[in-house]
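Peer 1: Dropping in structure_0.cif, which is mmCIF, N, CA and C atoms:
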data_data
loop_
_atom_site.label_atom_id
_atom_site.label_comp_id
_atom_site.auth_asym_id
_atom_site.auth_seq_id
_atom_site.Cartn_x
_atom_site.Cartn_y
_atom_site.Cartn_z
N MET A 1 110.32 93.52 102.57
CA MET A 1 108.99 93.33 103.09
C MET A 1 108.14 92.70 101.98
N LYS A 2 107.22 91.84 102.37
CA LYS A 2 106.29 91.23 101.42
C LYS A 2 105.03 92.09 101.34
N LEU A 3 104.60 92.38 100.09
CA LEU A 3 103.45 93.23 99.87
C LEU A 3 102.44 92.54 98.96
N LEU A 4 101.21 92.45 99.43
CA LEU A 4 100.11 91.94 98.61
C LEU A 4 99.35 93.16 98.08
N LEU A 5 99.19 93.22 96.76
CA LEU A 5 98.59 94.40 96.14
C LEU A 5 97.09 94.23 95.95
N ASP A 6 96.35 95.23 96.42
CA ASP A 6 94.91 95.27 96.15
C ASP A 6 94.74 95.36 94.63
N THR A 7 93.62 94.91 94.13
CA THR A 7 93.41 94.82 92.68
C THR A 7 93.63 96.16 91.99
N HIS A 8 93.10 97.25 92.54
CA HIS A 8 93.26 98.55 91.87
C HIS A 8 94.71 99.00 91.88
N ILE A 9 95.45 98.73 92.94
CA ILE A 9 96.87 99.07 92.99
C ILE A 9 97.62 98.25 91.94
N LEU A 10 97.29 96.99 91.83
CA LEU A 10 97.89 96.11 90.83
C LEU A 10 97.65 96.64 89.42
N LEU A 11 96.40 96.98 89.13
CA LEU A 11 96.05 97.50 87.80
C LEU A 11 96.76 98.82 87.51
N TRP A 12 96.76 99.73 88.48
CA TRP A 12 97.40 101.03 88.28
C TRP A 12 98.90 100.86 88.06
N MET A 13 99.51 99.94 88.80
CA MET A 13 100.94 99.72 88.65
C MET A 13 101.26 99.15 87.27
N LEU A 14 100.52 98.13 86.87
CA LEU A 14 100.80 97.46 85.59
C LEU A 14 100.53 98.35 84.39
N THR A 15 99.59 99.29 84.51
CA THR A 15 99.25 100.16 83.39
C THR A 15 99.89 101.54 83.52
N ASP A 16 100.74 101.71 84.53
CA ASP A 16 101.41 102.99 84.78
C ASP A 16 100.39 104.13 84.83
N ASN A 17 99.30 103.88 85.55
CA ASN A 17 98.20 104.84 85.65
C ASN A 17 98.56 105.97 86.61
N GLU A 18 98.19 107.18 86.24
CA GLU A 18 98.48 108.35 87.08
C GLU A 18 97.74 108.32 88.41
N LYS A 19 96.74 107.45 88.55
CA LYS A 19 96.00 107.33 89.82
C LYS A 19 96.84 106.68 90.91
N LEU A 20 97.91 105.99 90.54
CA LEU A 20 98.76 105.33 91.53
C LEU A 20 99.41 106.40 92.41
N PRO A 21 99.09 106.41 93.71
CA PRO A 21 99.64 107.44 94.59
C PRO A 21 101.17 107.38 94.69
N GLN A 22 101.77 108.54 94.93
CA GLN A 22 103.23 108.62 95.05
C GLN A 22 103.75 107.68 96.13
N LYS A 23 103.03 107.60 97.26
CA LYS A 23 103.46 106.72 98.35
C LYS A 23 103.51 105.27 97.86
N ALA A 24 102.53 104.88 97.06
CA ALA A 24 102.52 103.52 96.51
C ALA A 24 103.68 103.31 95.55
N LYS A 25 103.94 104.30 94.69
CA LYS A 25 105.06 104.19 93.75
C LYS A 25 106.37 103.96 94.48
N ALA A 26 106.57 104.70 95.56
CA ALA A 26 107.81 104.57 96.32
C ALA A 26 107.94 103.17 96.93
N VAL A 27 106.86 102.69 97.52
CA VAL A 27 106.89 101.37 98.17
C VAL A 27 107.06 100.26 97.13
N LEU A 28 106.35 100.38 96.01
CA LEU A 28 106.38 99.32 95.00
C LEU A 28 107.70 99.28 94.24
N SER A 29 108.37 100.40 94.15
CA SER A 29 109.62 100.43 93.39
C SER A 29 110.84 100.04 94.23
N SER A 30 110.67 99.90 95.53
CA SER A 30 111.79 99.53 96.40
C SER A 30 112.22 98.10 96.12
N MET A 31 113.49 97.93 95.91
CA MET A 31 114.05 96.59 95.64
C MET A 31 113.99 95.70 96.89
N ASP A 32 113.74 96.30 98.05
CA ASP A 32 113.67 95.54 99.30
C ASP A 32 112.34 94.81 99.47
N ASN A 33 111.38 95.12 98.60
CA ASN A 33 110.04 94.55 98.75
C ASN A 33 109.75 93.47 97.72
N ASP A 34 109.05 92.43 98.16
CA ASP A 34 108.57 91.37 97.27
C ASP A 34 107.09 91.63 97.01
N LEU A 35 106.72 91.70 95.73
CA LEU A 35 105.36 92.04 95.36
C LEU A 35 104.56 90.79 95.00
N TYR A 36 103.36 90.71 95.58
CA TYR A 36 102.45 89.59 95.37
C TYR A 36 101.12 90.08 94.81
N TYR A 37 100.49 89.22 94.02
CA TYR A 37 99.11 89.44 93.61
C TYR A 37 98.32 88.21 94.01
N SER A 38 97.06 88.41 94.28
CA SER A 38 96.20 87.32 94.72
C SER A 38 95.45 86.71 93.54
N THR A 39 95.21 85.43 93.61
CA THR A 39 94.34 84.81 92.62
C THR A 39 92.94 85.41 92.72
N ALA A 40 92.60 86.00 93.86
CA ALA A 40 91.30 86.68 94.01
C ALA A 40 91.22 87.88 93.06
N SER A 41 92.34 88.56 92.81
CA SER A 41 92.34 89.68 91.85
C SER A 41 92.07 89.18 90.44
N ILE A 42 92.64 88.04 90.10
CA ILE A 42 92.42 87.46 88.77
C ILE A 42 90.94 87.10 88.63
N TRP A 43 90.39 86.50 89.67
CA TRP A 43 88.97 86.12 89.70
C TRP A 43 88.08 87.37 89.55
N GLU A 44 88.41 88.41 90.32
CA GLU A 44 87.64 89.65 90.28
C GLU A 44 87.63 90.25 88.86
N ILE A 45 88.79 90.31 88.23
CA ILE A 45 88.88 90.89 86.89
C ILE A 45 88.16 90.00 85.88
N ALA A 46 88.26 88.70 86.02
CA ALA A 46 87.55 87.78 85.11
C ALA A 46 86.04 88.04 85.17
N ILE A 47 85.51 88.24 86.35
CA ILE A 47 84.08 88.52 86.51
C ILE A 47 83.72 89.87 85.90
N LYS A 48 84.53 90.88 86.18
CA LYS A 48 84.25 92.22 85.63
C LYS A 48 84.38 92.24 84.11
N HIS A 49 85.35 91.54 83.58
CA HIS A 49 85.54 91.49 82.12
C HIS A 49 84.36 90.78 81.46
N ALA A 50 83.91 89.68 82.05
CA ALA A 50 82.77 88.94 81.48
C ALA A 50 81.49 89.78 81.50
N ALA A 51 81.31 90.54 82.56
CA ALA A 51 80.09 91.35 82.70
C ALA A 51 80.13 92.62 81.86
N HIS A 52 81.30 93.25 81.78
CA HIS A 52 81.41 94.55 81.10
C HIS A 52 82.74 94.67 80.36
N PRO A 53 82.90 93.91 79.27
CA PRO A 53 84.18 93.96 78.55
C PRO A 53 84.51 95.35 77.98
N GLU A 54 83.50 96.18 77.84
CA GLU A 54 83.75 97.54 77.34
C GLU A 54 84.44 98.40 78.40
N HIS A 55 84.29 98.05 79.67
CA HIS A 55 84.93 98.80 80.75
C HIS A 55 86.20 98.11 81.24
N MET A 56 86.15 96.79 81.35
CA MET A 56 87.33 96.01 81.74
C MET A 56 87.82 95.32 80.48
N THR A 57 88.77 95.95 79.83
CA THR A 57 89.13 95.54 78.46
C THR A 57 90.05 94.33 78.39
N PHE A 58 90.55 93.86 79.51
CA PHE A 58 91.34 92.64 79.47
C PHE A 58 90.77 91.61 80.43
N SER A 59 91.06 90.37 80.14
CA SER A 59 90.50 89.25 80.89
C SER A 59 91.36 88.93 82.11
N GLY A 60 90.84 88.06 82.94
CA GLY A 60 91.61 87.57 84.08
C GLY A 60 92.86 86.84 83.62
N LYS A 61 92.74 86.10 82.56
CA LYS A 61 93.90 85.36 82.02
C LYS A 61 94.97 86.34 81.54
N GLN A 62 94.55 87.40 80.89
CA GLN A 62 95.51 88.41 80.43
C GLN A 62 96.17 89.10 81.63
N LEU A 63 95.39 89.42 82.67
CA LEU A 63 95.97 90.03 83.86
C LEU A 63 97.00 89.11 84.49
N SER A 64 96.69 87.84 84.56
CA SER A 64 97.63 86.87 85.10
C SER A 64 98.94 86.89 84.30
N GLY A 65 98.81 86.95 82.99
CA GLY A 65 100.00 87.03 82.14
C GLY A 65 100.81 88.29 82.38
N PHE A 66 100.12 89.43 82.54
CA PHE A 66 100.81 90.69 82.83
C PHE A 66 101.57 90.60 84.16
N CYS A 67 100.95 89.98 85.15
CA CYS A 67 101.59 89.81 86.46
C CYS A 67 102.84 88.94 86.36
N GLN A 68 102.74 87.88 85.59
CA GLN A 68 103.89 86.99 85.41
C GLN A 68 105.02 87.70 84.66
N GLU A 69 104.66 88.47 83.62
CA GLU A 69 105.67 89.24 82.88
C GLU A 69 106.38 90.24 83.78
N ALA A 70 105.65 90.82 84.72
CA ALA A 70 106.22 91.79 85.66
C ALA A 70 106.96 91.11 86.81
N GLU A 71 107.00 89.79 86.78
CA GLU A 71 107.68 88.98 87.79
C GLU A 71 107.13 89.17 89.20
N LEU A 72 105.81 89.34 89.26
CA LEU A 72 105.14 89.38 90.56
C LEU A 72 104.89 87.94 91.00
N GLN A 73 104.80 87.75 92.30
CA GLN A 73 104.56 86.42 92.84
C GLN A 73 103.07 86.23 93.10
N MET A 74 102.56 85.07 92.73
CA MET A 74 101.15 84.77 92.91
C MET A 74 100.91 84.21 94.31
N LEU A 75 99.84 84.68 94.94
CA LEU A 75 99.40 84.13 96.22
C LEU A 75 98.04 83.49 96.00
N PRO A 76 98.00 82.15 95.92
CA PRO A 76 96.71 81.49 95.73
C PRO A 76 95.85 81.57 96.99
N VAL A 77 94.55 81.50 96.82
CA VAL A 77 93.64 81.46 97.96
C VAL A 77 93.66 80.05 98.53
N LYS A 78 93.97 79.95 99.82
CA LYS A 78 94.07 78.67 100.52
C LYS A 78 92.97 78.57 101.58
N ASP A 79 92.75 77.37 102.05
CA ASP A 79 91.75 77.16 103.10
C ASP A 79 92.01 78.06 104.31
N LYS A 80 93.27 78.18 104.72
CA LYS A 80 93.57 78.99 105.92
C LYS A 80 93.21 80.45 105.72
N HIS A 81 93.21 80.92 104.47
CA HIS A 81 92.79 82.30 104.20
C HIS A 81 91.29 82.45 104.41
N ILE A 82 90.57 81.45 103.98
CA ILE A 82 89.11 81.47 104.15
C ILE A 82 88.76 81.44 105.63
N TYR A 83 89.47 80.61 106.39
CA TYR A 83 89.23 80.55 107.83
C TYR A 83 89.57 81.88 108.50
N ALA A 84 90.59 82.57 107.98
CA ALA A 84 91.00 83.84 108.57
C ALA A 84 89.95 84.93 108.38
N LEU A 85 89.05 84.75 107.41
CA LEU A 85 87.95 85.71 107.24
C LEU A 85 87.18 85.92 108.53
N GLU A 86 87.01 84.83 109.28
CA GLU A 86 86.22 84.88 110.50
C GLU A 86 86.94 85.62 111.63
N THR A 87 88.22 85.90 111.45
CA THR A 87 88.99 86.58 112.50
C THR A 87 89.18 88.07 112.24
N LEU A 88 88.73 88.55 111.09
CA LEU A 88 88.94 89.96 110.76
C LEU A 88 88.15 90.85 111.72
N LYS A 89 88.81 91.87 112.21
CA LYS A 89 88.20 92.83 113.12
C LYS A 89 87.85 94.08 112.33
N ARG A 90 86.68 94.63 112.63
CA ARG A 90 86.22 95.83 111.93
C ARG A 90 85.55 96.75 112.95
N MET A 91 85.78 98.04 112.79
CA MET A 91 85.16 99.01 113.70
C MET A 91 83.64 98.90 113.64
N LYS A 92 82.99 98.99 114.78
CA LYS A 92 81.53 98.84 114.83
C LYS A 92 80.80 99.93 114.06
N ASP A 93 81.33 101.14 114.05
CA ASP A 93 80.66 102.25 113.37
C ASP A 93 81.20 102.46 111.94
N ALA A 94 81.90 101.47 111.42
CA ALA A 94 82.50 101.58 110.08
C ALA A 94 81.42 101.57 109.00
N PRO A 95 81.67 102.29 107.90
CA PRO A 95 80.74 102.21 106.76
C PRO A 95 80.68 100.78 106.24
N LYS A 96 79.56 100.44 105.67
CA LYS A 96 79.37 99.09 105.13
C LYS A 96 80.42 98.79 104.06
N HIS A 97 80.93 97.58 104.11
CA HIS A 97 81.91 97.13 103.12
C HIS A 97 81.51 95.74 102.66
N ALA A 98 81.09 95.63 101.42
CA ALA A 98 80.53 94.37 100.94
C ALA A 98 81.37 93.70 99.86
N ASP A 99 82.62 94.09 99.71
CA ASP A 99 83.46 93.53 98.64
C ASP A 99 84.17 92.26 99.12
N PRO A 100 83.73 91.10 98.65
CA PRO A 100 84.33 89.85 99.12
C PRO A 100 85.78 89.68 98.66
N PHE A 101 86.15 90.30 97.55
CA PHE A 101 87.53 90.19 97.07
C PHE A 101 88.48 90.93 98.01
N ASP A 102 88.08 92.11 98.45
CA ASP A 102 88.90 92.84 99.41
C ASP A 102 89.04 92.05 100.71
N ARG A 103 87.95 91.51 101.19
CA ARG A 103 87.99 90.78 102.46
C ARG A 103 88.91 89.57 102.39
N ILE A 104 88.86 88.82 101.30
CA ILE A 104 89.72 87.64 101.22
C ILE A 104 91.18 88.06 101.12
N MET A 105 91.45 89.17 100.44
CA MET A 105 92.85 89.61 100.35
C MET A 105 93.38 90.12 101.69
N VAL A 106 92.54 90.79 102.46
CA VAL A 106 92.95 91.19 103.81
C VAL A 106 93.22 89.93 104.64
N ALA A 107 92.36 88.93 104.53
CA ALA A 107 92.56 87.67 105.26
C ALA A 107 93.83 86.96 104.80
N GLN A 108 94.10 86.99 103.51
CA GLN A 108 95.35 86.39 103.01
C GLN A 108 96.56 87.10 103.63
N ALA A 109 96.54 88.41 103.57
CA ALA A 109 97.66 89.18 104.11
C ALA A 109 97.86 88.90 105.60
N LYS A 110 96.75 88.88 106.32
CA LYS A 110 96.82 88.63 107.77
C LYS A 110 97.41 87.25 108.06
N SER A 111 96.93 86.24 107.39
CA SER A 111 97.37 84.88 107.70
C SER A 111 98.77 84.57 107.17
N GLU A 112 99.23 85.33 106.17
CA GLU A 112 100.56 85.09 105.60
C GLU A 112 101.61 86.09 106.12
N ASN A 113 101.19 87.00 107.01
CA ASN A 113 102.08 88.03 107.54
C ASN A 113 102.69 88.87 106.41
N ILE A 114 101.81 89.34 105.53
CA ILE A 114 102.16 90.18 104.39
C ILE A 114 101.39 91.49 104.54
N MET A 115 101.97 92.58 104.12
CA MET A 115 101.28 93.87 104.16
C MET A 115 100.37 93.98 102.93
N PHE A 116 99.13 94.40 103.15
CA PHE A 116 98.14 94.57 102.09
C PHE A 116 98.12 96.04 101.68
N VAL A 117 98.56 96.33 100.46
CA VAL A 117 98.67 97.70 99.95
C VAL A 117 97.38 98.07 99.24
N THR A 118 96.72 99.13 99.73
CA THR A 118 95.43 99.53 99.17
C THR A 118 95.27 101.04 99.21
N HIS A 119 94.43 101.53 98.31
CA HIS A 119 94.05 102.94 98.29
C HIS A 119 92.55 103.07 98.59
N ASP A 120 91.93 101.96 98.94
CA ASP A 120 90.50 101.91 99.24
C ASP A 120 90.27 102.47 100.65
N SER A 121 89.49 103.52 100.75
CA SER A 121 89.27 104.18 102.04
C SER A 121 88.49 103.33 103.04
N LEU A 122 87.82 102.28 102.59
CA LEU A 122 87.05 101.42 103.49
C LEU A 122 87.90 100.33 104.15
N ILE A 123 89.03 100.01 103.57
CA ILE A 123 89.86 98.90 104.08
C ILE A 123 90.45 99.20 105.47
N PRO A 124 90.95 100.41 105.74
CA PRO A 124 91.51 100.64 107.07
C PRO A 124 90.51 100.48 108.22
N TYR A 125 89.22 100.43 107.93
CA TYR A 125 88.24 100.16 108.98
C TYR A 125 88.37 98.74 109.52
N TYR A 126 89.05 97.88 108.76
CA TYR A 126 89.45 96.58 109.31
C TYR A 126 90.64 96.90 110.20
N MET A 127 90.52 96.65 111.42
CA MET A 127 91.58 97.01 112.37
C MET A 127 92.64 95.91 112.39
N GLU A 128 93.32 95.77 111.27
CA GLU A 128 94.32 94.73 111.11
C GLU A 128 95.67 95.37 110.84
N ALA A 129 96.69 94.86 111.50
CA ALA A 129 98.04 95.42 111.38
C ALA A 129 98.65 95.21 109.99
N CYS A 130 98.05 94.34 109.20
CA CYS A 130 98.60 94.03 107.88
C CYS A 130 98.18 95.03 106.80
N ILE A 131 97.40 96.03 107.13
CA ILE A 131 96.89 96.96 106.12
C ILE A 131 97.81 98.17 105.99
N MET A 132 98.21 98.44 104.74
CA MET A 132 99.04 99.60 104.42
C MET A 132 98.27 100.52 103.47
N PRO A 133 97.60 101.53 104.01
CA PRO A 133 96.91 102.47 103.13
C PRO A 133 97.91 103.38 102.43
N VAL A 134 97.70 103.60 101.15
CA VAL A 134 98.59 104.49 100.38
C VAL A 134 97.75 105.54 99.66
#
Go through the file and emit its structure as structure tokens.
Peer 2:
Amino acid sequence: MKLLLDTHILLWMLTDNEKLPQKAKAVLSSMDNDLYYSTASIWEIAIKHAAHPEHMTFSGKQLSGFCQEAELQMLPVKDKHIYALETLKRMKDAPKHADPFDRIMVAQAKSENIMFVTHDSLIPYYMEACIMPV
């Protein structure tokens, strides 16, 4: 199965962080799965590092290097992903979700038929079959 990792899942996996849920560890360690990271994650980390290097201690470029060393596959943001943003379904009574990086990654997963692995409690409010909460 193809899996696109949400930025926090990607970071927790690469840093062997204890916050990575057991369910995620099991899915990510399966040899049957192909792991992807989005260029949107690199962009997100670059912005956070520039704004608060004391909290985000590595740059987007460094994250990209870590992903390549781990032999993860990159999923660039394409026009069709941007167009897919307009097709995302969300529950009407869902809590507000204003993270553009999450939205583009859900759109990428949807349009590429890849499962989006996340621990973000707001993401499942997108009623999309491509979301894998862990």
Peer 1: Counting all atoms listed in the file, which residues of range 16-110 of chain A sit at most 8 Å from some atom of range 121-124 of chain A, and what is each one's closest atom pair with its distance in Å to one decimal, listed by chain and rising residue number, as a tab-separated table?
Peer 2:
residue	atom	partner	partner_atom	distance
A:Arg90	CA	A:Pro124	C	7.3
A:Met91	N	A:Pro124	C	7.0
A:Ala94	C	A:Leu122	CA	7.9
A:Pro95	C	A:Leu122	CA	7.0
A:Lys96	C	A:Leu122	CA	7.2
A:His97	CA	A:Leu122	CA	6.7
A:Asp102	C	A:Ile123	CA	7.7
Peer 1: Leu85 in chain A: which residues within 7 Å, counting all atoms listed in the file, same-chain residues fewer than 3 positions away excluded, as a list in words?
Peer 2: Lys80, His81, Ile82, Leu88, Arg103, Ile104, Ala107 and Gln108 of chain A
Peer 1: Which one is closest to His119 in chain A: A:Leu75, A:Ile9, A:Leu4, A:Met105? Count all atoms listed in the file.
Peer 2: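 Distance minimum relative to His119 in chain A lands on A:Ile9.
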Peer 1: Could you tell me which of A:Ser59, A:Leu35, A:Ala70, A:Leu3 comes closest to Ile114 in chain A if we count only C-alpha atoms?
Peer 2: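 So, comparing all the options, the nearest one is A:Leu3.
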Peer 1: So, counting only C-alpha atoms, which residue among A:Leu63, A:Val27, A:Val117, A:Ala109 is closest to Ile42 in chain A?
Peer 2: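 Closest residue, counting only C-alpha atoms: A:Leu63.
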Peer 1: May I ask for the distance between CA of Glu69 in chain A and CA of Ile131 in chain A, given in Å to one decimal place?
Peer 2: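 A separation of 26.0 Å between them.
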